[in-house]
$ cat target_32.cif   # mmCIF, C-alpha atoms
data_final
#
loop_
_atom_site.label_atom_id
_atom_site.label_comp_id
_atom_site.auth_asym_id
_atom_site.auth_seq_id
_atom_site.Cartn_x
_atom_site.Cartn_y
_atom_site.Cartn_z
CA MET J 1 113.22 77.36 87.46
CA GLY J 2 112.08 80.87 86.55
CA LEU J 3 114.89 82.44 88.60
CA PHE J 4 117.56 80.24 87.03
CA LYS J 5 116.19 81.00 83.57
CA LYS J 6 116.30 84.75 84.23
CA MET J 7 119.88 84.52 85.55
CA ARG J 8 120.92 82.50 82.51
CA GLU J 9 119.35 85.03 80.13
CA LEU J 10 121.00 87.98 81.90
CA GLY J 11 124.35 86.31 81.35
CA GLY J 12 123.59 85.63 77.71
CA GLY J 13 123.25 81.89 78.20
CA VAL J 14 121.13 79.66 75.98
CA SER J 15 118.97 76.71 76.99
CA LYS J 16 120.62 73.36 76.19
CA ASP J 17 117.21 71.95 75.32
CA LEU J 18 116.64 74.74 72.81
CA MET J 19 120.01 74.16 71.15
CA GLN J 20 119.50 70.38 71.00
CA ASN J 21 115.80 70.16 70.13
CA GLY J 22 114.91 73.54 68.64
CA LEU J 23 113.82 73.86 65.03
CA LEU J 24 116.70 74.80 62.73
CA GLY J 25 116.05 77.97 60.72
CA ARG J 26 117.68 81.00 59.14
CA GLY J 27 118.07 84.36 60.83
CA ILE J 28 118.99 87.59 59.07
CA ILE J 29 120.48 89.94 61.67
CA THR J 30 118.94 93.39 61.35
CA ASP J 31 120.21 95.00 64.57
CA ILE J 32 122.72 94.35 67.37
CA GLN J 33 122.64 96.17 70.70
CA GLN J 34 125.65 95.44 72.90
CA THR J 35 124.91 95.48 76.63
CA ASN J 36 127.29 96.36 79.46
CA VAL J 37 127.55 92.68 80.46
CA SER J 38 130.54 90.54 79.52
CA THR J 39 131.51 87.00 80.47
CA GLY J 40 134.65 84.91 80.27
CA VAL J 41 138.21 85.93 81.04
CA ASP J 42 139.86 89.22 80.17
CA PHE J 43 141.96 87.77 77.34
CA ASP J 44 138.99 85.94 75.77
CA PRO J 45 135.78 87.81 76.68
CA SER J 46 132.27 87.28 75.39
CA HIS J 47 129.91 90.22 75.11
CA VAL J 48 126.21 89.89 75.85
CA CYS J 49 124.19 91.41 73.02
CA VAL J 50 120.55 91.72 72.06
CA PHE J 51 120.11 90.50 68.48
CA THR J 52 117.11 91.42 66.35
CA MET J 53 116.58 89.01 63.46
CA GLU J 54 114.21 88.18 60.65
CA VAL J 55 113.60 84.47 61.20
CA ALA J 56 112.68 82.01 58.46
CA LEU J 57 111.49 78.44 59.02
CA ASP J 58 110.22 75.91 56.49
CA ASN J 59 106.67 76.83 55.39
CA VAL J 60 106.27 79.46 58.14
CA PRO J 61 105.82 83.16 57.33
CA ARG J 62 108.96 85.14 58.14
CA TYR J 63 108.82 87.05 61.40
CA THR J 64 110.99 89.24 63.63
CA ALA J 65 112.38 87.96 66.91
CA THR J 66 115.03 89.02 69.43
CA CYS J 67 117.42 87.07 71.61
CA ARG J 68 119.88 88.02 74.34
CA GLN J 69 123.03 86.01 73.85
CA SER J 70 126.74 86.13 74.64
CA VAL J 71 129.13 86.03 71.69
CA LYS J 72 132.92 85.94 71.75
CA ALA J 73 134.48 89.33 71.06
CA THR J 74 136.49 87.84 68.18
CA ILE J 75 133.31 86.68 66.41
CA LEU J 76 131.10 89.70 67.04
CA PRO J 77 132.50 91.82 64.14
CA GLN J 78 131.56 89.03 61.70
CA LEU J 79 127.94 89.31 62.83
CA ALA J 80 127.84 93.08 62.63
CA SER J 81 127.78 93.35 58.83
CA PRO J 82 124.32 94.35 57.51
CA GLY J 83 122.31 91.35 56.37
CA THR J 84 124.50 88.72 58.05
CA THR J 85 122.70 85.37 57.95
CA VAL J 86 123.07 82.82 60.76
CA ALA J 87 121.55 79.51 61.75
CA VAL J 88 119.01 79.82 64.55
CA ARG J 89 117.25 77.44 66.89
CA VAL J 90 113.56 78.06 67.51
CA ASN J 91 111.36 76.69 70.29
CA PRO J 92 108.79 74.48 68.49
CA THR J 93 106.00 75.59 70.82
CA ASP J 94 107.00 79.25 71.15
CA HIS J 95 108.53 80.72 67.99
CA SER J 96 109.44 83.92 69.83
CA GLU J 97 112.15 82.00 71.73
CA VAL J 98 115.17 81.85 69.43
CA ALA J 99 118.92 81.50 69.76
CA ILE J 100 121.81 81.83 67.34
CA ASP J 101 123.52 78.50 66.57
CA LEU J 102 127.05 79.32 65.41
CA GLY J 103 127.87 75.62 65.17
CA GLN J 104 125.54 75.10 62.21
CA ALA J 105 125.43 76.49 58.69
CA PRO J 106 122.22 78.38 57.87
CA PRO J 107 119.84 75.85 56.29
CA GLU J 108 117.94 76.37 53.05
CA VAL J 109 114.25 76.88 53.77
CA THR J 110 111.07 76.95 51.72
CA LEU J 111 108.98 80.06 52.20
CA SER J 112 105.35 79.86 53.21
CA GLU J 113 102.63 80.78 50.70
CA GLN J 114 101.40 83.22 53.34
CA ASP J 115 104.73 85.02 53.50
CA GLY J 116 103.53 88.55 52.88
CA LYS J 117 106.94 89.80 51.75
CA VAL J 118 106.86 87.70 48.61
CA GLY J 119 103.17 86.92 48.20
CA SER J 120 102.49 90.15 46.36
CA ALA J 121 105.14 89.68 43.64
CA ALA J 122 102.65 88.24 41.15
CA GLN J 123 100.15 91.00 41.95
CA ILE J 124 102.77 93.71 41.41
CA LEU J 125 103.75 92.24 38.05
CA GLU J 126 100.12 92.05 36.99
CA GLU J 127 98.80 95.35 38.36
CA GLY J 128 101.93 97.49 38.71
CA VAL J 129 103.12 100.35 36.56
CA PRO J 130 106.42 100.14 34.67
CA CYS J 131 109.57 101.55 36.23
CA HIS J 132 113.28 100.74 36.20
CA ALA J 133 115.57 99.35 38.88
CA VAL J 134 119.34 99.63 39.10
CA ILE J 135 120.91 96.79 41.08
CA VAL J 136 123.18 98.20 43.79
CA GLN J 137 123.80 95.01 45.80
CA SER J 138 122.42 91.49 45.94
CA GLN J 139 122.93 88.22 47.74
CA PRO J 140 121.24 84.81 47.79
CA LEU J 141 118.96 84.33 50.78
CA GLY J 142 119.29 80.56 50.94
CA MET J 143 115.52 80.28 50.58
CA LYS J 144 113.15 79.11 47.87
CA ASN J 145 109.58 80.16 47.23
CA LYS J 146 106.81 77.58 46.94
CA ALA J 147 107.60 77.17 43.24
CA GLY J 148 111.16 76.16 44.12
CA VAL J 149 112.76 79.37 42.78
CA ASP J 150 115.75 80.75 44.71
CA MET J 151 115.17 83.96 46.66
CA HIS J 152 117.65 86.84 46.60
CA ALA J 153 117.96 90.02 48.64
CA PHE J 154 118.46 93.24 46.69
CA MET J 155 119.32 96.85 47.28
CA LEU J 156 117.84 98.70 44.33
CA THR J 157 117.71 102.26 43.07
CA ILE J 158 114.20 102.75 41.70
CA MET J 159 113.46 105.21 38.92
CA ARG J 160 109.81 105.89 38.29
CA GLU J 161 107.89 108.68 36.63
CA GLY J 162 106.88 111.60 38.80
CA ARG J 163 109.40 111.27 41.63
CA PRO J 164 113.16 111.38 42.26
CA PRO J 165 115.14 108.11 42.34
CA TYR J 166 115.06 106.28 45.69
CA GLN J 167 116.60 103.15 47.19
CA VAL J 168 114.83 100.11 48.64
CA GLN J 169 115.83 96.76 50.09
CA VAL J 170 113.60 93.91 48.94
CA GLY J 171 113.63 90.15 48.56
CA MET J 172 112.32 88.42 45.45
CA PRO J 173 112.60 85.17 43.50
CA VAL J 174 115.06 85.04 40.61
CA PRO J 175 114.53 82.42 37.87
CA PRO J 176 117.71 80.51 36.94
CA ASP J 177 117.90 82.07 33.47
CA ALA J 178 117.99 85.55 35.03
CA VAL J 179 120.85 84.94 37.48
CA PRO J 180 123.48 86.27 34.98
CA LEU J 181 121.63 89.60 35.03
CA ILE J 182 122.36 90.07 38.73
CA TYR J 183 125.36 92.38 38.85
CA PRO J 184 125.91 95.85 40.35
CA GLY J 185 124.92 98.68 38.04
CA ASN J 186 122.61 96.66 35.81
CA LYS J 187 119.46 98.60 34.95
CA VAL J 188 116.47 96.32 34.51
CA PRO J 189 112.74 96.81 33.89
CA ALA J 190 110.53 96.53 36.95
CA LYS J 191 106.98 97.07 38.15
CA CYS J 192 105.73 98.99 41.18
CA LEU J 193 102.30 99.57 42.66
CA ALA J 194 101.13 103.08 41.80
CA ASP J 195 99.62 103.68 45.24
CA GLY J 196 101.81 101.25 47.18
CA GLN J 197 104.78 101.58 49.50
CA ASP J 198 108.34 102.10 48.29
CA HIS J 199 109.11 98.39 48.74
CA ASP J 200 106.13 97.32 46.60
CA VAL J 201 108.39 96.75 43.63
CA VAL J 202 109.59 93.67 41.74
CA ILE J 203 111.97 93.20 38.85
CA ASP J 204 110.27 92.01 35.68
CA TRP J 205 112.73 89.23 34.89
CA GLN J 206 110.92 88.13 31.74
CA ALA J 207 111.16 91.63 30.29
CA ALA J 208 114.77 91.91 31.47
CA LEU J 209 115.68 88.65 29.70
CA THR J 210 113.91 89.84 26.53
CA GLU J 211 115.90 93.10 26.59
CA ALA J 212 119.18 91.27 27.23
CA THR J 213 118.53 88.90 24.34
CA ALA J 214 117.64 91.75 21.98
CA THR J 215 120.74 93.77 22.86
CA GLY J 216 122.99 90.72 22.92
#

$ encode --input "target_32.cif" --output "structure tokens"
Amino acid sequence: MGLFKKMRELGGGVSKDLMQNGLLGRGIITDIQQTNVSTGVDFDPSHVCVFTMEVALDNVPRYTATCRQSVKATILPQLASPGTTVAVRVNPTDHSEVAIDLGQAPPEVTLSEQDGKVGSAAQILEEGVPCHAVIVQSQPLGMKNKAGVDMHAFMLTIMREGRPPYQVQVGMPVPPDAVPLIYPGNKVPAKCLADGQDHDVVIDWQAALTEATATG
């Protein structure tokens, strides 16, 4: 069985059991490495690629996984855009075994309380120092935090005292009232940890809504 499994993986094949019985989750593609292996006929080839993804399952901390899988040449460009989200199948007993499921829409998932990428948002708002963020890009992540608030991915330009502006990519919850404030070029108040990493930043939506109301 081990030999057949290795041959299947080399050719970019996916286990039928995994596709039928695997847990359905979301995968954000962060990297694609195309191999020298192709399958199919010349007029309709599939290329074997190694996909690196950030995987999200219901109530499981997000994690990074890779899979080797063949994808039709006509579909591959659609997956190459930064931040492309796909449905994935995950082995229930081994979460490192994943496969892209192009036959399913990415499901909405609820993030775990232990998800470190969002668990510090409250701490940053409470302990952070004021700064400003300019929204460059954003997109819904199709996820909710434990409070049921929709998560969004952002590319932000951060302006804080004592250093030049810099860009970060972060995910954070956005309350429904603040969704109209999500547009490119909007400058909003934020908080960042004084001694933290560049990504230790969160938009202060309450302050942003107060400012918008005052200026409106």

$ closest_residue --input "target_32.cif" --among "J:Ala153, J:Val134, J:Val55, J:Ala73" --to "J:Gly185" --atoms "only C-alpha atoms"
J:Val134

$ closest_residue --input "target_32.cif" --among "J:Ala122, J:Val201, J:Val48, J:Leu181" --to "J:Thr157" --atoms "all atoms listed in the file"
J:Val201

$ resolve_selection --input "target_32.cif" --expression "the PyMOL selection byres ((chain J and resi 146) around 8)" --output "VMD selection string"
chain J and resid 110 to 113 144 to 145 147 to 149

$ closest_residue --input "target_32.cif" --among "J:Gln137, J:Arg62, J:Arg68, J:Gln20" --to "J:Val37" --atoms "only C-alpha atoms"
J:Arg68

$ closest_residue --input "target_32.cif" --among "J:Leu57, J:Cys67, J:Ala207, J:Met155" --to "J:Tyr183" --atoms "all atoms listed in the file"
J:Met155

$ atom_distance --input "target_32.cif" --atom1 "atom CA of J:Asp177" --atom2 "atom CA of J:Ile28"
26.2 Å

$ residues_around --input "target_32.cif" --residues "J:Ala121" --least-positions-apart "2" --cutoff "12 Å" --atoms "all atoms listed in the file" --output "ChimeraX atom specification"
/J:113,115-119,123-128,145,151,170-174,190-193,199-205

$ write_last_selection --input "target_32.cif" --atoms "C-alpha atoms" --output "PDB file, keeping the file's coordinate frame"
ATOM      1  CA  GLU J 113     102.630  80.780  50.700  1.00  0.00           C
ATOM      2  CA  ASP J 115     104.730  85.020  53.500  1.00  0.00           C
ATOM      3  CA  GLY J 116     103.530  88.550  52.880  1.00  0.00           C
ATOM      4  CA  LYS J 117     106.940  89.800  51.750  1.00  0.00           C
ATOM      5  CA  VAL J 118     106.860  87.700  48.610  1.00  0.00           C
ATOM      6  CA  GLY J 119     103.170  86.920  48.200  1.00  0.00           C
ATOM      7  CA  GLN J 123     100.150  91.000  41.950  1.00  0.00           C
ATOM      8  CA  ILE J 124     102.770  93.710  41.410  1.00  0.00           C
ATOM      9  CA  LEU J 125     103.750  92.240  38.050  1.00  0.00           C
ATOM     10  CA  GLU J 126     100.120  92.050  36.990  1.00  0.00           C
ATOM     11  CA  GLU J 127      98.800  95.350  38.360  1.00  0.00           C
ATOM     12  CA  GLY J 128     101.930  97.490  38.710  1.00  0.00           C
ATOM     13  CA  ASN J 145     109.580  80.160  47.230  1.00  0.00           C
ATOM     14  CA  MET J 151     115.170  83.960  46.660  1.00  0.00           C
ATOM     15  CA  VAL J 170     113.600  93.910  48.940  1.00  0.00           C
ATOM     16  CA  GLY J 171     113.630  90.150  48.560  1.00  0.00           C
ATOM     17  CA  MET J 172     112.320  88.420  45.450  1.00  0.00           C
ATOM     18  CA  PRO J 173     112.600  85.170  43.500  1.00  0.00           C
ATOM     19  CA  VAL J 174     115.060  85.040  40.610  1.00  0.00           C
ATOM     20  CA  ALA J 190     110.530  96.530  36.950  1.00  0.00           C
ATOM     21  CA  LYS J 191     106.980  97.070  38.150  1.00  0.00           C
ATOM     22  CA  CYS J 192     105.730  98.990  41.180  1.00  0.00           C
ATOM     23  CA  LEU J 193     102.300  99.570  42.660  1.00  0.00           C
ATOM     24  CA  HIS J 199     109.110  98.390  48.740  1.00  0.00           C
ATOM     25  CA  ASP J 200     106.130  97.320  46.600  1.00  0.00           C
ATOM     26  CA  VAL J 201     108.390  96.750  43.630  1.00  0.00           C
ATOM     27  CA  VAL J 202     109.590  93.670  41.740  1.00  0.00           C
ATOM     28  CA  ILE J 203     111.970  93.200  38.850  1.00  0.00           C
ATOM     29  CA  ASP J 204     110.270  92.010  35.680  1.00  0.00           C
ATOM     30  CA  TRP J 205     112.730  89.230  34.890  1.00  0.00           C
TER      31      TRP J 205
END

$ closest_residue --input "target_32.cif" --among "J:Asp150, J:Asp17, J:Glu54, J:Glu211" --to "J:Gly83" --atoms "all atoms listed in the file"
J:Glu54

$ residues_near_point --input "target_32.cif" --point "(108.3, 106.3, 40.2)" --cutoff "10 Å" --atoms "only C-alpha atoms" --output "compact mmCIF listing (two decimals) with C-alpha atoms, in the frame of the given file"
# COMPACT_ATOMS: atom_id res chain seq x y z
CA VAL J 129 103.12 100.35 36.56
CA PRO J 130 106.42 100.14 34.67
CA CYS J 131 109.57 101.55 36.23
CA HIS J 132 113.28 100.74 36.20
CA ILE J 158 114.20 102.75 41.70
CA MET J 159 113.46 105.21 38.92
CA ARG J 160 109.81 105.89 38.29
CA GLU J 161 107.89 108.68 36.63
CA GLY J 162 106.88 111.60 38.80
CA ARG J 163 109.40 111.27 41.63
CA PRO J 164 113.16 111.38 42.26
CA PRO J 165 115.14 108.11 42.34
CA TYR J 166 115.06 106.28 45.69
CA LYS J 191 106.98 97.07 38.15
CA CYS J 192 105.73 98.99 41.18
CA LEU J 193 102.30 99.57 42.66
CA ALA J 194 101.13 103.08 41.80
CA ASP J 198 108.34 102.10 48.29

$ atom_distance --input "target_32.cif" --atom1 "atom CA of J:Gln78" --atom2 "atom CA of J:Arg26"
16.2 Å

$ closest_residue --input "target_32.cif" --among "J:Val179, J:Ala87, J:Val50, J:Ile100" --to "J:Gln34" --atoms "all atoms listed in the file"
J:Val50

$ resolve_selection --input "target_32.cif" --expression "the PyMOL selection byres ((chain J and resi 104) around 9)" --output "PyMOL selection string"
chain J and resi 24+86-88+101-103+105-107

$ write_last_selection --input "target_32.cif" --atoms "C-alpha atoms" --output "mmCIF file, in the coordinates of the input"
data_model
loop_
_atom_site.group_PDB
_atom_site.id
_atom_site.type_symbol
_atom_site.label_atom_id
_atom_site.label_comp_id
_atom_site.auth_asym_id
_atom_site.auth_seq_id
_atom_site.Cartn_x
_atom_site.Cartn_y
_atom_site.Cartn_z
ATOM 1 C CA LEU J 24 116.700 74.800 62.730
ATOM 2 C CA VAL J 86 123.070 82.820 60.760
ATOM 3 C CA ALA J 87 121.550 79.510 61.750
ATOM 4 C CA VAL J 88 119.010 79.820 64.550
ATOM 5 C CA ASP J 101 123.520 78.500 66.570
ATOM 6 C CA LEU J 102 127.050 79.320 65.410
ATOM 7 C CA GLY J 103 127.870 75.620 65.170
ATOM 8 C CA ALA J 105 125.430 76.490 58.690
ATOM 9 C CA PRO J 106 122.220 78.380 57.870
ATOM 10 C CA PRO J 107 119.840 75.850 56.290
#

$ resolve_selection --input "target_32.cif" --expression "the PyMOL selection byres ((chain J and resi 140) around 9)" --output "count of residues only"
10

$ atom_distance --input "target_32.cif" --atom1 "atom CA of J:Val98" --atom2 "atom CA of J:Ser81"
20.1 Å

$ residues_around --input "target_32.cif" --residues "J:Gly22" --least-positions-apart "4" --cutoff "7 Å" --atoms "all atoms listed in the file" --output "PDB file with C-alpha atoms, in the frame of the given file"
ATOM      1  CA  LEU J  18     116.640  74.740  72.810  1.00  0.00           C
ATOM      2  CA  ARG J  89     117.250  77.440  66.890  1.00  0.00           C
ATOM      3  CA  VAL J  90     113.560  78.060  67.510  1.00  0.00           C
ATOM      4  CA  ASN J  91     111.360  76.690  70.290  1.00  0.00           C
ATOM      5  CA  PRO J  92     108.790  74.480  68.490  1.00  0.00           C
TER       6      PRO J  92
END

$ build_atoms --input "target_32.cif" --residues "stretch 174-189 of chain J" --atoms "N, CA and C atoms" --output "compact mmCIF listing (two decimals), in the frame of the given file"
# COMPACT_ATOMS: atom_id res chain seq x y z
N VAL J 174 114.32 84.80 41.86
CA VAL J 174 115.06 85.04 40.61
C VAL J 174 115.11 83.73 39.84
N PRO J 175 114.47 83.65 38.67
CA PRO J 175 114.53 82.42 37.87
C PRO J 175 115.97 82.14 37.44
N PRO J 176 116.32 80.86 37.28
CA PRO J 176 117.71 80.51 36.94
C PRO J 176 118.25 81.24 35.72
N ASP J 177 117.43 81.42 34.69
CA ASP J 177 117.90 82.07 33.47
C ASP J 177 118.30 83.53 33.71
N ALA J 178 117.74 84.13 34.79
CA ALA J 178 117.99 85.55 35.03
C ALA J 178 119.18 85.80 35.95
N VAL J 179 119.74 84.75 36.54
CA VAL J 179 120.85 84.94 37.48
C VAL J 179 122.02 85.71 36.85
N PRO J 180 122.38 85.48 35.57
CA PRO J 180 123.48 86.27 34.98
C PRO J 180 123.21 87.77 34.92
N LEU J 181 121.95 88.17 35.08
CA LEU J 181 121.63 89.60 35.03
C LEU J 181 121.84 90.29 36.37
N ILE J 182 122.17 89.50 37.39
CA ILE J 182 122.36 90.07 38.73
C ILE J 182 123.80 90.54 38.88
N TYR J 183 124.04 91.81 38.60
CA TYR J 183 125.36 92.38 38.85
C TYR J 183 125.19 93.87 39.13
N PRO J 184 126.04 94.45 39.97
CA PRO J 184 125.91 95.85 40.35
C PRO J 184 125.93 96.77 39.13
N GLY J 185 125.00 97.70 39.11
CA GLY J 185 124.92 98.68 38.04
C GLY J 185 123.99 98.30 36.91
N ASN J 186 123.50 97.06 36.89
CA ASN J 186 122.61 96.66 35.81
C ASN J 186 121.25 97.33 35.99
N LYS J 187 120.77 97.94 34.94
CA LYS J 187 119.46 98.60 34.95
C LYS J 187 118.46 97.68 34.27
N VAL J 188 117.42 97.31 35.00
CA VAL J 188 116.47 96.32 34.51
C VAL J 188 115.04 96.85 34.65
N PRO J 189 114.14 96.40 33.78
CA PRO J 189 112.74 96.81 33.89
C PRO J 189 112.10 96.21 35.14
